[in-house]
Amino acid sequence: MKAAVFHGPGQPLSIEEIQIDEPREHEVLVRTVATGVCHSDLHFVEGLWPHPTPAVLGHEAAGIVERVGSEVTYLKAGDHVISCPSVFCGRCKECITGHPYRCNNRPAIRRAKGDKPRLSKNGAMIRQFSDLSTYAEKMLLHENALVKIRDDMPLDRAALIGCGVTTGVGAALNTARIEPGSTVAVFGAGGIGLSAIQGARIAGAAMIIAVDMFEHKLATAKRFGATHTVDASSSDPVKAIQDLTDGGVDYSFEAIGLKKAAEQCFDALAPGGTATVIGMIPVGQKVEIDGPKLLTERRIQGSLMGSNRFRIDMPRYIDFYLQGRLNLDDMISRRGKLEDVNEAFRAMKAGEVSRTVLMFD
Amino acid sequence: MKAAVFYGPKQPLVIEDVEIDQPRDREVLVRTVASGVCHSDLHFVDGYYTFPVPAVLGHEAAGIVEEVGKAVDYLKPGDHVIACLSVFCGYCDDCMSGHLNRCTNRAATQRRKGDKPRLSIKGQLMRQFADLSTYAEKMLVHENALVKIGNDMPLDRAALIGCGVTTGVGAVLNTARIEPGSTVAVFGCGGVGLAAIQGARIAGARMIIAVDQFESKLALAKRLGATHTIDASHTDAVKAIRELASPGQSSDRGGVDYAFEAVGLKKLAEESFECIKPGGTATIIGMIPVGQKVELDGTKFLTERKIQGTNMGSNRFRVDMLRYIDFYQQGRLNLDDMITRRGKLEDVNEAFRAMKAGEVARTVLMFD
């Protein structure tokens, strides 16, 4: 099958023919229909986060089940599915206390070391990224990487729910648990930020302030539910937020992965407010927060994959979409083929797109 | 009346005669019976935080009502009370949503600018610290700075509840809301840290790791509920906590569910964030000096670690303090052993010295 292979930081992905194995007991072979190009892949391509090579990147996809392993009862061939990086073992402490996305027993859902790898090329192992590897025509996964969805959900929009939407909406609904009437600021109006904005709108936030450096992204943010926008290229976002809210917001979200934005998120809070860092801050960087501000009960917390229980959350988000409450249509800026993946990275870096979705035939 | 006056950082407090006014509408005049010497006063004396001078410091006290203003019906002369610096207006957004400790309308509980001041010296304004000023024979405060308590509660131990105990126990019960069975680490075993340890014990933590640099304080921590102790003067506390709480786990997975910083040091705030497990919560109780930044490893946010501040144990003190008194009287909250020394108002500077030297958990100043 065709896949986009990562050979190391700073190099474009190369489209190559690689081999994919047959599903074993709890594994499922899925034909990829659509995969989103998400910012966290770019972190690895740029070398801000390390990953062994060669590997097939990509972790946001939807598709159709082709074959299932002998022990799989949850799915059958022909089922529509979304894949999710929050593969869960279902029996570790995190899984049994409602935090499957923090599963600490991931080896249980992989093939054992020394086993035939799921992906290979000419007999040599190709690494699977996030236990998914969606930049490929097919995916071979543990069944706990998948949620079955309704057939009337378009798979290109379903793909977005696989990571970006779940991460952003879930950060607002599950991690921060914002209340109706709250004031919210979202730093970064890319795919994740727009999702956080939509999460805030769905949860009934009274004021949603979008912060970005690009005017066209702020215009998009307004369409998704932002009530106010702040152009951080020409104004101090902390001061602007304080002015809009009489001193600070109840909740802020960092949806980029920048130390400075994380710090601004904390500074823009009202006493008792909560900053939630969604973005992946580069390894080795320290977020510096003002010590005395802690005295007024400000809080900063991380969020991983929107604190999802994806088999519960994703069908809800699909319902929201089909009810017209979650706008996914406008989140897809472009559609392309697998071969367009490097161009999609470039456009993302240039701030031209909120999401490119790669479509397979 | 006699009071200990603060004239500026790094100078000893001076015992002087200070005038105190009569209570107006919602004010109450209280005879101070006991006042604890708390670390946050020292922050001002050391100059880490600033406060206008001259001022009477002190913010942890219990006493007996002498006179009430004409609009006060909550209290009458003779009532025993604890003073609390979380004076609340009762009608701002924070007060109305259950966060009176964050009242944004403190001015409503103070005298107006230009009015005759509550405290003065030779006709000049004497600043009131935390709207209380407890290092004095009497206190003139808004009624919403006071909670009425039972007459059977000893007032020296009641005084501790006024700040340190409420701050430490409340950080655990109200701010962090730890669950029974949790694992907990507490950095610093002074009055506030010991109170946090007791809060963790009351809430049913299964492991309570006390961290300090003084063996004597660790021994007291054990008596008050710590299940494990770490002497940070010769051990890497973060590593030791991880090994105790999650033996065999890698550093990115292991750690405690909850950590508390009860000193006010940047380094310990960072260590409390380092030593929690994925999904864990670090609560910073200590007052970190103005201008200092707490540096957090950005990648740790990806595993949903959380760091938060707490102010005065997120108290609703008229509810909480009565509970803490019940805990004391039931033998569940040990206040007796938290008082290391008793002294007179004149001993306040010596009490600061002993606190800095790590010799005491708490000195309580007693008035006749």
# chains A, B, ... in the order shown; residues from 1 in each chain; ligands from 1
$ residues_around --residues "Gly47 in chain B" --least-positions-apart "5" --cutoff "12 Å" --atoms "only C-alpha atoms" --output "list of chain:residue names"
B:Phe6, B:Tyr7, B:Gly8, B:Pro9, B:Lys10, B:Gln11, B:Ser40, B:Asp41, B:Leu42, B:Pro52, B:Pro289, B:Val290
$ write_last_selection --atoms "C-alpha atoms" --output "PDB file, in the first residue's frame"
ATOM      1  CA  PHE B   6       6.169  48.036  61.669  1.00  0.00           C
ATOM      2  CA  TYR B   7       8.262  50.922  60.310  1.00  0.00           C
ATOM      3  CA  GLY B   8       9.812  49.253  57.296  1.00  0.00           C
ATOM      4  CA  PRO B   9      11.488  46.105  56.014  1.00  0.00           C
ATOM      5  CA  LYS B  10      14.390  44.577  57.938  1.00  0.00           C
ATOM      6  CA  GLN B  11      13.664  46.588  61.096  1.00  0.00           C
ATOM      7  CA  SER B  40       3.466  35.723  56.011  1.00  0.00           C
ATOM      8  CA  ASP B  41       4.058  38.601  58.444  1.00  0.00           C
ATOM      9  CA  LEU B  42       7.735  37.757  58.138  1.00  0.00           C
ATOM     10  CA  PRO B  52       2.794  50.984  53.588  1.00  0.00           C
ATOM     11  CA  PRO B 289       8.336  36.580  46.557  1.00  0.00           C
ATOM     12  CA  VAL B 290       7.142  39.307  44.186  1.00  0.00           C
TER      13      VAL B 290
END
$ closest_atom_pairs --of "chain A" --to "chain B" --cutoff "10 Å" --atoms "only C-alpha atoms" --output "Markdown table"
| residue | atom | partner | partner_atom | distance |
| --- | --- | --- | --- | --- |
| A:Trp49 | CA | B:Thr299 | CA | 9.8 |
| A:Glu94 | CA | B:Gly279 | CA | 9.4 |
| A:His99 | CA | B:Gly279 | CA | 9.0 |
| A:Tyr101 | CA | B:Thr303 | CA | 9.5 |
| A:Arg102 | CA | B:Thr303 | CA | 7.3 |
| A:Asn104 | CA | B:Arg253 | CA | 7.8 |
| A:Thr175 | CA | B:Glu304 | CA | 8.6 |
| A:Gly257 | CA | B:Gly298 | CA | 8.8 |
| A:Leu258 | CA | B:Gly298 | CA | 9.0 |
| A:Lys259 | CA | B:Gly298 | CA | 7.3 |
| A:Ala262 | CA | B:Gly298 | CA | 8.8 |
| A:Pro271 | CA | B:Arg102 | CA | 7.4 |
| A:Gly272 | CA | B:Arg102 | CA | 8.0 |
| A:Gly273 | CA | B:Gln308 | CA | 9.6 |
| A:Thr274 | CA | B:Gln308 | CA | 8.4 |
| A:Ala275 | CA | B:Lys306 | CA | 9.6 |
| A:Thr276 | CA | B:Phe301 | CA | 8.7 |
| A:Val277 | CA | B:Phe301 | CA | 6.5 |
| A:Ile278 | CA | B:Leu302 | CA | 7.3 |
| A:Gly279 | CA | B:Leu302 | CA | 8.0 |
| A:Met280 | CA | B:Thr299 | CA | 6.6 |
| A:Ile281 | CA | B:Gly298 | CA | 5.2 |
| A:Pro282 | CA | B:Thr299 | CA | 6.8 |
| A:Val283 | CA | B:Thr299 | CA | 6.0 |
| A:Gly284 | CA | B:Asp297 | CA | 6.8 |
| A:Gln285 | CA | B:Gly298 | CA | 5.8 |
| A:Lys286 | CA | B:Asp297 | CA | 4.7 |
| A:Val287 | CA | B:Leu296 | CA | 4.9 |
| A:Glu288 | CA | B:Glu295 | CA | 4.4 |
| A:Ile289 | CA | B:Lys293 | CA | 5.1 |
| A:Asp290 | CA | B:Lys293 | CA | 4.7 |
| A:Gly291 | CA | B:Ile288 | CA | 5.1 |
| A:Pro292 | CA | B:Ile288 | CA | 5.6 |
| A:Lys293 | CA | B:Gly309 | CA | 7.6 |
| A:Leu294 | CA | B:Gly309 | CA | 3.9 |
| A:Leu295 | CA | B:Asn311 | CA | 5.2 |
| A:Thr296 | CA | B:Asn311 | CA | 5.7 |
| A:Glu297 | CA | B:Gly309 | CA | 4.1 |
| A:Arg298 | CA | B:Gly309 | CA | 5.5 |
| A:Arg299 | CA | B:Gln308 | CA | 3.9 |
| A:Ile300 | CA | B:Ile307 | CA | 5.5 |
| A:Gln301 | CA | B:Lys306 | CA | 4.0 |
| A:Gly302 | CA | B:Phe301 | CA | 3.7 |
| A:Ser303 | CA | B:Glu304 | CA | 4.8 |
| A:Leu304 | CA | B:Leu302 | CA | 5.2 |
| A:Met305 | CA | B:Leu302 | CA | 8.5 |
| A:Gly306 | CA | B:Glu304 | CA | 9.8 |
| A:Ser307 | CA | B:Glu304 | CA | 8.4 |
$ write_last_selection --atoms "N, CA and C atoms" --output "tab-separated table (two decimals), in the first residue's frame"
chain	number	residue	atom	x	y	z
A	49	TRP	N	9.80	17.64	18.62
A	49	TRP	CA	9.60	16.44	19.42
A	49	TRP	C	10.26	15.29	18.65
A	94	GLU	N	-5.58	4.08	35.28
A	94	GLU	CA	-6.14	5.25	34.60
A	94	GLU	C	-7.41	4.86	33.85
A	99	HIS	N	-10.09	7.63	32.98
A	99	HIS	CA	-9.11	8.39	32.20
A	99	HIS	C	-8.42	7.51	31.16
A	101	TYR	N	-7.67	7.98	28.22
A	101	TYR	CA	-6.72	8.72	27.38
A	101	TYR	C	-5.37	8.85	28.06
A	102	ARG	N	-5.28	8.53	29.36
A	102	ARG	CA	-3.99	8.53	30.04
A	102	ARG	C	-3.50	7.11	30.29
A	104	ASN	N	-1.78	3.87	30.96
A	104	ASN	CA	-0.33	3.71	31.11
A	104	ASN	C	0.12	2.30	30.83
A	175	THR	N	-11.87	18.82	30.25
A	175	THR	CA	-10.73	19.21	31.10
A	175	THR	C	-11.10	20.42	31.94
A	257	GLY	N	0.95	25.87	21.34
A	257	GLY	CA	2.15	25.16	21.77
A	257	GLY	C	3.32	26.11	21.92
A	258	LEU	N	3.03	27.34	22.35
A	258	LEU	CA	4.08	28.34	22.54
A	258	LEU	C	4.19	28.71	24.01
A	259	LYS	N	5.41	28.69	24.50
A	259	LYS	CA	5.69	29.11	25.87
A	259	LYS	C	5.05	30.47	26.16
A	262	ALA	N	1.33	30.37	26.46
A	262	ALA	CA	0.92	29.71	27.71
A	262	ALA	C	1.02	30.68	28.87
A	271	PRO	N	-8.79	36.31	39.04
A	271	PRO	CA	-8.52	35.49	40.22
A	271	PRO	C	-9.46	34.28	40.25
A	272	GLY	N	-8.91	33.10	40.55
A	272	GLY	CA	-9.73	31.89	40.56
A	272	GLY	C	-9.89	31.26	39.18
A	273	GLY	N	-9.33	31.90	38.16
A	273	GLY	CA	-9.49	31.38	36.80
A	273	GLY	C	-8.55	30.22	36.49
A	274	THR	N	-8.86	29.53	35.40
A	274	THR	CA	-8.10	28.34	35.00
A	274	THR	C	-7.59	28.47	33.57
A	275	ALA	N	-6.28	28.32	33.41
A	275	ALA	CA	-5.68	28.29	32.08
A	275	ALA	C	-5.43	26.84	31.70
A	276	THR	N	-5.85	26.45	30.51
A	276	THR	CA	-5.65	25.08	30.06
A	276	THR	C	-4.73	25.09	28.84
A	277	VAL	N	-3.60	24.40	28.97
A	277	VAL	CA	-2.62	24.36	27.90
A	277	VAL	C	-2.88	23.12	27.06
A	278	ILE	N	-3.31	23.34	25.81
A	278	ILE	CA	-3.60	22.23	24.91
A	278	ILE	C	-2.40	21.97	24.01
A	279	GLY	N	-1.75	23.06	23.57
A	279	GLY	CA	-0.65	22.94	22.61
A	279	GLY	C	0.54	22.18	23.16
A	280	MET	N	1.33	21.63	22.25
A	280	MET	CA	2.53	20.88	22.65
A	280	MET	C	3.71	21.84	22.71
A	281	ILE	N	4.12	22.17	23.92
A	281	ILE	CA	5.24	23.09	24.09
A	281	ILE	C	6.54	22.32	23.85
A	282	PRO	N	7.45	22.88	23.04
A	282	PRO	CA	8.66	22.13	22.68
A	282	PRO	C	9.43	21.61	23.90
A	283	VAL	N	10.00	20.42	23.76
A	283	VAL	CA	10.77	19.78	24.82
A	283	VAL	C	11.86	20.73	25.31
A	284	GLY	N	12.02	20.84	26.62
A	284	GLY	CA	13.09	21.65	27.18
A	284	GLY	C	12.69	23.07	27.51
A	285	GLN	N	11.51	23.50	27.06
A	285	GLN	CA	11.09	24.88	27.35
A	285	GLN	C	10.30	24.95	28.65
A	286	LYS	N	10.59	26.00	29.42
A	286	LYS	CA	9.91	26.19	30.69
A	286	LYS	C	8.84	27.26	30.55
A	287	VAL	N	7.67	26.98	31.07
A	287	VAL	CA	6.62	27.99	31.15
A	287	VAL	C	6.82	28.73	32.47
A	288	GLU	N	6.97	30.05	32.40
A	288	GLU	CA	7.26	30.83	33.61
A	288	GLU	C	6.02	31.58	34.05
A	289	ILE	N	5.55	31.26	35.24
A	289	ILE	CA	4.37	31.95	35.74
A	289	ILE	C	4.74	32.76	36.97
A	290	ASP	N	4.03	33.87	37.12
A	290	ASP	CA	4.32	34.80	38.20
A	290	ASP	C	3.87	34.19	39.53
A	291	GLY	N	4.83	33.94	40.42
A	291	GLY	CA	4.54	33.28	41.70
A	291	GLY	C	3.41	33.94	42.49
A	292	PRO	N	3.46	35.24	42.74
A	292	PRO	CA	2.41	35.87	43.56
A	292	PRO	C	1.00	35.72	42.97
A	293	LYS	N	0.87	35.52	41.65
A	293	LYS	CA	-0.46	35.36	41.05
A	293	LYS	C	-1.15	34.09	41.56
A	294	LEU	N	-0.34	33.15	42.07
A	294	LEU	CA	-0.92	31.92	42.60
A	294	LEU	C	-1.72	32.19	43.88
A	295	LEU	N	-1.38	33.28	44.55
A	295	LEU	CA	-2.06	33.63	45.79
A	295	LEU	C	-3.54	33.93	45.58
A	296	THR	N	-3.89	34.28	44.34
A	296	THR	CA	-5.29	34.56	44.06
A	296	THR	C	-5.94	33.38	43.33
A	297	GLU	N	-5.41	32.19	43.60
A	297	GLU	CA	-6.04	30.94	43.18
A	297	GLU	C	-6.16	30.78	41.68
A	298	ARG	N	-5.23	31.37	40.94
A	298	ARG	CA	-5.17	31.07	39.52
A	298	ARG	C	-4.60	29.67	39.35
A	299	ARG	N	-4.93	29.05	38.23
A	299	ARG	CA	-4.53	27.66	38.00
A	299	ARG	C	-4.10	27.49	36.55
A	300	ILE	N	-3.09	26.68	36.32
A	300	ILE	CA	-2.72	26.33	34.94
A	300	ILE	C	-2.59	24.82	34.87
A	301	GLN	N	-3.20	24.25	33.85
A	301	GLN	CA	-3.24	22.80	33.76
A	301	GLN	C	-3.06	22.37	32.32
A	302	GLY	N	-2.59	21.14	32.15
A	302	GLY	CA	-2.48	20.59	30.82
A	302	GLY	C	-3.75	19.85	30.45
A	303	SER	N	-3.89	19.60	29.15
A	303	SER	CA	-5.01	18.79	28.68
A	303	SER	C	-4.46	17.85	27.63
A	304	LEU	N	-4.78	16.59	27.74
A	304	LEU	CA	-4.30	15.61	26.78
A	304	LEU	C	-5.48	15.08	25.99
A	305	MET	N	-5.46	15.32	24.70
A	305	MET	CA	-6.50	14.77	23.81
A	305	MET	C	-7.90	15.07	24.35
A	306	GLY	N	-8.07	16.26	24.90
A	306	GLY	CA	-9.40	16.67	25.35
A	306	GLY	C	-9.97	15.78	26.44
A	307	SER	N	-9.08	15.18	27.26
A	307	SER	CA	-9.51	14.29	28.35
A	307	SER	C	-10.64	13.36	27.88
$ closest_residue --among "A:Tyr251, A:Ala350, A:Asp243, A:Ala145" --to "Glu179 in chain A" --atoms "only C-alpha atoms"
A:Tyr251
$ atom_distance --atom1 "CA of Phe214 in chain A" --atom2 "CA of Gly351 in chain A"
7.4 Å
$ residues_around --residues "range 313-316 of chain A" --least-positions-apart "3" --cutoff "12 Å" --atoms "only C-alpha atoms" --output "ChimeraX atom specification"
/A:62,80-84,101,146-151,153,157-167,169-171,173-174,202,305-310,319-323,325-326
$ write_last_selection --atoms "N, CA and C atoms" --output "compact mmCIF listing (two decimals), in the first residue's frame"
# COMPACT_ATOMS: atom_id res chain seq x y z
N ALA A 62 -10.58 8.77 9.51
CA ALA A 62 -11.79 7.96 9.54
C ALA A 62 -11.74 7.01 8.35
N HIS A 80 -18.25 1.86 9.70
CA HIS A 80 -17.54 3.13 9.62
C HIS A 80 -16.92 3.43 10.98
N VAL A 81 -15.70 3.91 10.96
CA VAL A 81 -14.98 4.13 12.23
C VAL A 81 -14.17 5.42 12.18
N ILE A 82 -13.94 5.96 13.38
CA ILE A 82 -12.92 7.00 13.56
C ILE A 82 -11.81 6.36 14.38
N SER A 83 -10.57 6.64 14.02
CA SER A 83 -9.46 6.16 14.83
C SER A 83 -9.05 7.27 15.79
N CYS A 84 -8.47 6.88 16.92
CA CYS A 84 -8.08 7.87 17.93
C CYS A 84 -6.75 7.48 18.55
N TYR A 101 -7.67 7.98 28.22
CA TYR A 101 -6.72 8.72 27.38
C TYR A 101 -5.37 8.85 28.06
N LEU A 146 -10.44 2.44 18.02
CA LEU A 146 -11.52 2.76 17.08
C LEU A 146 -12.86 2.97 17.78
N VAL A 147 -13.64 3.87 17.23
CA VAL A 147 -15.04 3.99 17.64
C VAL A 147 -15.90 3.83 16.39
N LYS A 148 -16.96 3.05 16.55
CA LYS A 148 -17.90 2.82 15.45
C LYS A 148 -18.82 4.04 15.37
N ILE A 149 -19.07 4.53 14.17
CA ILE A 149 -19.93 5.71 14.04
C ILE A 149 -21.07 5.43 13.07
N ARG A 150 -22.04 6.35 13.07
CA ARG A 150 -23.19 6.15 12.19
C ARG A 150 -22.78 6.34 10.72
N ASP A 151 -23.46 5.60 9.84
CA ASP A 151 -23.09 5.59 8.42
C ASP A 151 -23.42 6.89 7.71
N MET A 153 -22.71 9.82 8.66
CA MET A 153 -21.74 10.87 8.97
C MET A 153 -20.68 10.89 7.87
N ARG A 157 -15.39 14.74 7.39
CA ARG A 157 -15.62 15.54 8.59
C ARG A 157 -15.45 14.69 9.85
N ALA A 158 -15.78 13.41 9.75
CA ALA A 158 -15.55 12.50 10.89
C ALA A 158 -14.07 12.46 11.23
N ALA A 159 -13.21 12.50 10.18
CA ALA A 159 -11.76 12.41 10.42
C ALA A 159 -11.30 13.50 11.38
N LEU A 160 -11.84 14.71 11.23
CA LEU A 160 -11.42 15.83 12.09
C LEU A 160 -11.69 15.53 13.56
N ILE A 161 -12.75 14.78 13.80
CA ILE A 161 -13.10 14.45 15.18
C ILE A 161 -12.04 13.53 15.79
N GLY A 162 -11.30 12.82 14.93
CA GLY A 162 -10.29 11.87 15.39
C GLY A 162 -9.21 12.47 16.26
N CYS A 163 -8.90 13.75 16.08
CA CYS A 163 -7.92 14.36 16.97
C CYS A 163 -8.25 15.82 17.28
N GLY A 164 -8.19 16.68 16.27
CA GLY A 164 -8.28 18.12 16.53
C GLY A 164 -9.56 18.55 17.23
N VAL A 165 -10.68 18.09 16.75
CA VAL A 165 -11.96 18.51 17.32
C VAL A 165 -12.11 17.97 18.74
N THR A 166 -11.76 16.71 18.91
CA THR A 166 -11.85 16.09 20.24
C THR A 166 -10.92 16.78 21.22
N THR A 167 -9.74 17.14 20.74
CA THR A 167 -8.77 17.82 21.61
C THR A 167 -9.27 19.19 22.04
N VAL A 169 -12.58 20.65 21.63
CA VAL A 169 -13.89 20.65 22.29
C VAL A 169 -13.77 19.99 23.66
N GLY A 170 -13.01 18.88 23.71
CA GLY A 170 -12.85 18.16 24.98
C GLY A 170 -12.11 18.98 26.03
N ALA A 171 -11.16 19.80 25.61
CA ALA A 171 -10.45 20.65 26.59
C ALA A 171 -11.44 21.59 27.28
N LEU A 173 -14.92 21.09 27.38
CA LEU A 173 -16.01 20.37 28.06
C LEU A 173 -15.52 19.42 29.15
N ASN A 174 -14.43 18.70 28.90
CA ASN A 174 -13.99 17.68 29.86
C ASN A 174 -12.89 18.16 30.80
N ILE A 202 -20.81 25.75 22.72
CA ILE A 202 -21.74 24.67 23.05
C ILE A 202 -22.03 24.65 24.56
N MET A 305 -5.46 15.32 24.70
CA MET A 305 -6.50 14.77 23.81
C MET A 305 -7.90 15.07 24.35
N GLY A 306 -8.07 16.26 24.90
CA GLY A 306 -9.40 16.67 25.35
C GLY A 306 -9.97 15.78 26.44
N SER A 307 -9.08 15.18 27.26
CA SER A 307 -9.51 14.29 28.35
C SER A 307 -10.64 13.36 27.88
N ASN A 308 -10.42 12.75 26.72
CA ASN A 308 -11.53 12.04 26.08
C ASN A 308 -11.79 10.63 26.61
N ARG A 309 -13.01 10.25 26.55
CA ARG A 309 -13.44 8.85 26.58
C ARG A 309 -14.05 8.72 25.20
N PHE A 310 -13.18 8.47 24.19
CA PHE A 310 -13.61 8.80 22.82
C PHE A 310 -14.81 8.01 22.32
N ASP A 319 -23.28 13.86 16.78
CA ASP A 319 -24.65 14.35 16.96
C ASP A 319 -24.68 15.88 16.89
N PHE A 320 -23.75 16.52 17.58
CA PHE A 320 -23.68 17.99 17.54
C PHE A 320 -23.55 18.47 16.09
N TYR A 321 -22.70 17.78 15.32
CA TYR A 321 -22.50 18.17 13.92
C TYR A 321 -23.80 18.02 13.13
N LEU A 322 -24.42 16.88 13.29
CA LEU A 322 -25.61 16.60 12.48
C LEU A 322 -26.79 17.47 12.92
N GLN A 323 -26.74 18.00 14.16
CA GLN A 323 -27.77 18.94 14.64
C GLN A 323 -27.43 20.38 14.27
N ARG A 325 -24.86 22.09 15.48
CA ARG A 325 -24.29 22.81 16.62
C ARG A 325 -22.77 22.82 16.62
N LEU A 326 -22.17 21.93 15.83
CA LEU A 326 -20.71 21.87 15.73
C LEU A 326 -20.38 22.01 14.25
$ select_by_dssp --residues "range 179-315 of chain B" --states "strand (DSSP E)" --output "PyMOL selection string"
chain B and resi 183-187+207-212+228-231+256-261+276-284+293-297+306-309
$ select_by_dssp --residues "range 56-282 of chain B" --states "helix (DSSP H, G or I)" --output "PyMOL selection string"
chain B and resi 93-96+100-102+106-109+129-131+143-145+155-176+191-202+215-224+237-245+266-274
$ write_last_selection --atoms "C-alpha atoms" --output "compact mmCIF listing (two decimals), in the first residue's frame"
# COMPACT_ATOMS: atom_id res chain seq x y z
CA ASP B 93 -19.50 38.23 42.33
CA ASP B 94 -16.92 36.20 44.20
CA CYS B 95 -18.80 36.35 47.51
CA MET B 96 -22.06 35.41 45.84
CA LEU B 100 -15.68 34.94 49.84
CA ASN B 101 -11.93 34.44 50.31
CA ARG B 102 -11.52 36.22 46.99
CA ARG B 106 -12.80 44.80 50.34
CA ALA B 107 -13.15 48.57 50.31
CA ALA B 108 -16.75 48.06 51.44
CA THR B 109 -15.46 46.61 54.72
CA PHE B 129 -2.64 45.07 58.12
CA ALA B 130 -5.01 42.61 56.43
CA ASP B 131 -7.84 44.74 57.86
CA GLU B 143 -18.02 42.28 61.68
CA ASN B 144 -17.42 40.20 58.52
CA ALA B 145 -13.85 39.65 59.72
CA LEU B 155 -8.52 30.86 72.60
CA ASP B 156 -4.79 30.26 72.07
CA ARG B 157 -5.55 27.22 69.93
CA ALA B 158 -8.48 29.02 68.31
CA ALA B 159 -6.04 31.73 67.23
CA LEU B 160 -4.13 29.24 65.06
CA ILE B 161 -7.32 28.50 63.15
CA GLY B 162 -7.45 32.18 62.21
CA CYS B 163 -4.88 31.76 59.47
CA GLY B 164 -2.35 28.92 59.43
CA VAL B 165 -4.67 26.02 60.13
CA THR B 166 -7.40 27.31 57.83
CA THR B 167 -4.85 27.91 55.09
CA GLY B 168 -3.28 24.45 55.29
CA VAL B 169 -6.34 22.31 56.05
CA GLY B 170 -8.43 24.31 53.59
CA ALA B 171 -5.87 23.95 50.79
CA VAL B 172 -6.37 20.20 51.08
CA LEU B 173 -10.11 20.03 51.74
CA ASN B 174 -11.39 23.02 49.73
CA THR B 175 -8.82 23.90 47.07
CA ALA B 176 -7.40 20.50 46.08
CA GLY B 191 2.46 25.72 60.80
CA VAL B 192 0.80 25.71 57.38
CA GLY B 193 2.49 22.51 56.17
CA LEU B 194 1.58 20.68 59.37
CA ALA B 195 -2.00 21.85 58.91
CA ALA B 196 -1.97 20.52 55.33
CA ILE B 197 -0.68 17.18 56.61
CA GLN B 198 -3.53 17.07 59.08
CA GLY B 199 -6.01 18.00 56.36
CA ALA B 200 -4.72 15.11 54.26
CA ARG B 201 -5.08 12.75 57.20
CA ILE B 202 -8.63 13.95 57.93
CA GLU B 215 14.69 16.55 61.43
CA SER B 216 12.80 18.07 64.39
CA LYS B 217 10.05 19.31 62.11
CA LEU B 218 9.84 15.97 60.32
CA ALA B 219 9.39 14.24 63.68
CA LEU B 220 6.50 16.58 64.48
CA ALA B 221 5.07 15.95 61.00
CA LYS B 222 5.01 12.22 61.75
CA ARG B 223 3.19 12.83 65.00
CA LEU B 224 0.57 14.87 63.15
CA ALA B 237 12.98 15.09 47.31
CA VAL B 238 11.37 14.65 43.88
CA LYS B 239 13.16 11.37 43.25
CA ALA B 240 12.41 10.11 46.76
CA ILE B 241 8.72 11.00 46.46
CA ARG B 242 8.42 9.17 43.12
CA GLU B 243 10.07 6.09 44.58
CA LEU B 244 7.74 6.08 47.59
CA ALA B 245 4.53 6.79 45.72
CA LYS B 266 10.13 29.11 43.72
CA LYS B 267 12.27 25.97 43.83
CA LEU B 268 9.81 24.05 45.98
CA ALA B 269 6.88 25.15 43.81
CA GLU B 270 8.74 23.70 40.83
CA GLU B 271 9.52 20.51 42.71
CA SER B 272 5.89 20.12 43.73
CA PHE B 273 4.92 20.25 40.03
CA GLU B 274 7.73 17.79 39.17
$ residues_around --residues "Pro54 in chain B" --least-positions-apart "4" --cutoff "10 Å" --atoms "only C-alpha atoms" --output "compact mmCIF listing (two decimals) with C-alpha atoms, in the first residue's frame"
# COMPACT_ATOMS: atom_id res chain seq x y z
CA VAL B 5 4.50 48.73 65.02
CA PHE B 6 6.17 48.04 61.67
CA TYR B 7 8.26 50.92 60.31
CA GLY B 8 9.81 49.25 57.30
CA SER B 120 -3.59 56.14 64.76
CA ILE B 121 -0.50 57.33 66.55
CA GLN B 124 -1.31 60.28 62.37
CA LEU B 125 -2.70 57.36 60.36
CA MET B 126 -1.51 53.93 61.44
CA ARG B 127 -2.13 51.33 58.72
CA GLN B 128 -4.19 48.26 59.49
$ residues_around --residues "Leu146 in chain B" --least-positions-apart "3" --cutoff "7 Å" --atoms "only C-alpha atoms" --output "VMD selection string"
chain B and resid 81 to 84 143
$ write_last_selection --atoms "N, CA and C atoms" --output "compact mmCIF listing (two decimals), in the first residue's frame"
# COMPACT_ATOMS: atom_id res chain seq x y z
N VAL B 81 -14.50 35.06 69.65
CA VAL B 81 -14.41 35.14 68.18
C VAL B 81 -13.00 34.78 67.69
N ILE B 82 -12.96 34.33 66.44
CA ILE B 82 -11.69 34.24 65.71
C ILE B 82 -11.75 35.31 64.63
N ALA B 83 -10.63 36.01 64.44
CA ALA B 83 -10.54 36.98 63.36
C ALA B 83 -9.98 36.28 62.13
N CYS B 84 -10.43 36.69 60.96
CA CYS B 84 -9.92 36.10 59.72
C CYS B 84 -9.67 37.20 58.71
N GLU B 143 -17.46 43.52 61.11
CA GLU B 143 -18.02 42.28 61.68
C GLU B 143 -17.79 41.07 60.77
$ atom_distance --atom1 "CA of Ala77 in chain A" --atom2 "CA of Ala124 in chain A"
28.8 Å
$ atom_distance --atom1 "CA of Val68 in chain A" --atom2 "CA of Leu141 in chain A"
9.8 Å
$ residues_around --residues "Lys349 in chain A" --least-positions-apart "5" --cutoff "12 Å" --atoms "only C-alpha atoms" --output "list in words"
Val37, Cys38, His39, Ser40, Asp41, Leu42, His43, Val45, Glu46, Gly190, Ile256, Asn342, Glu343, Ala344, Ser354, Arg355 and Thr356 of chain A
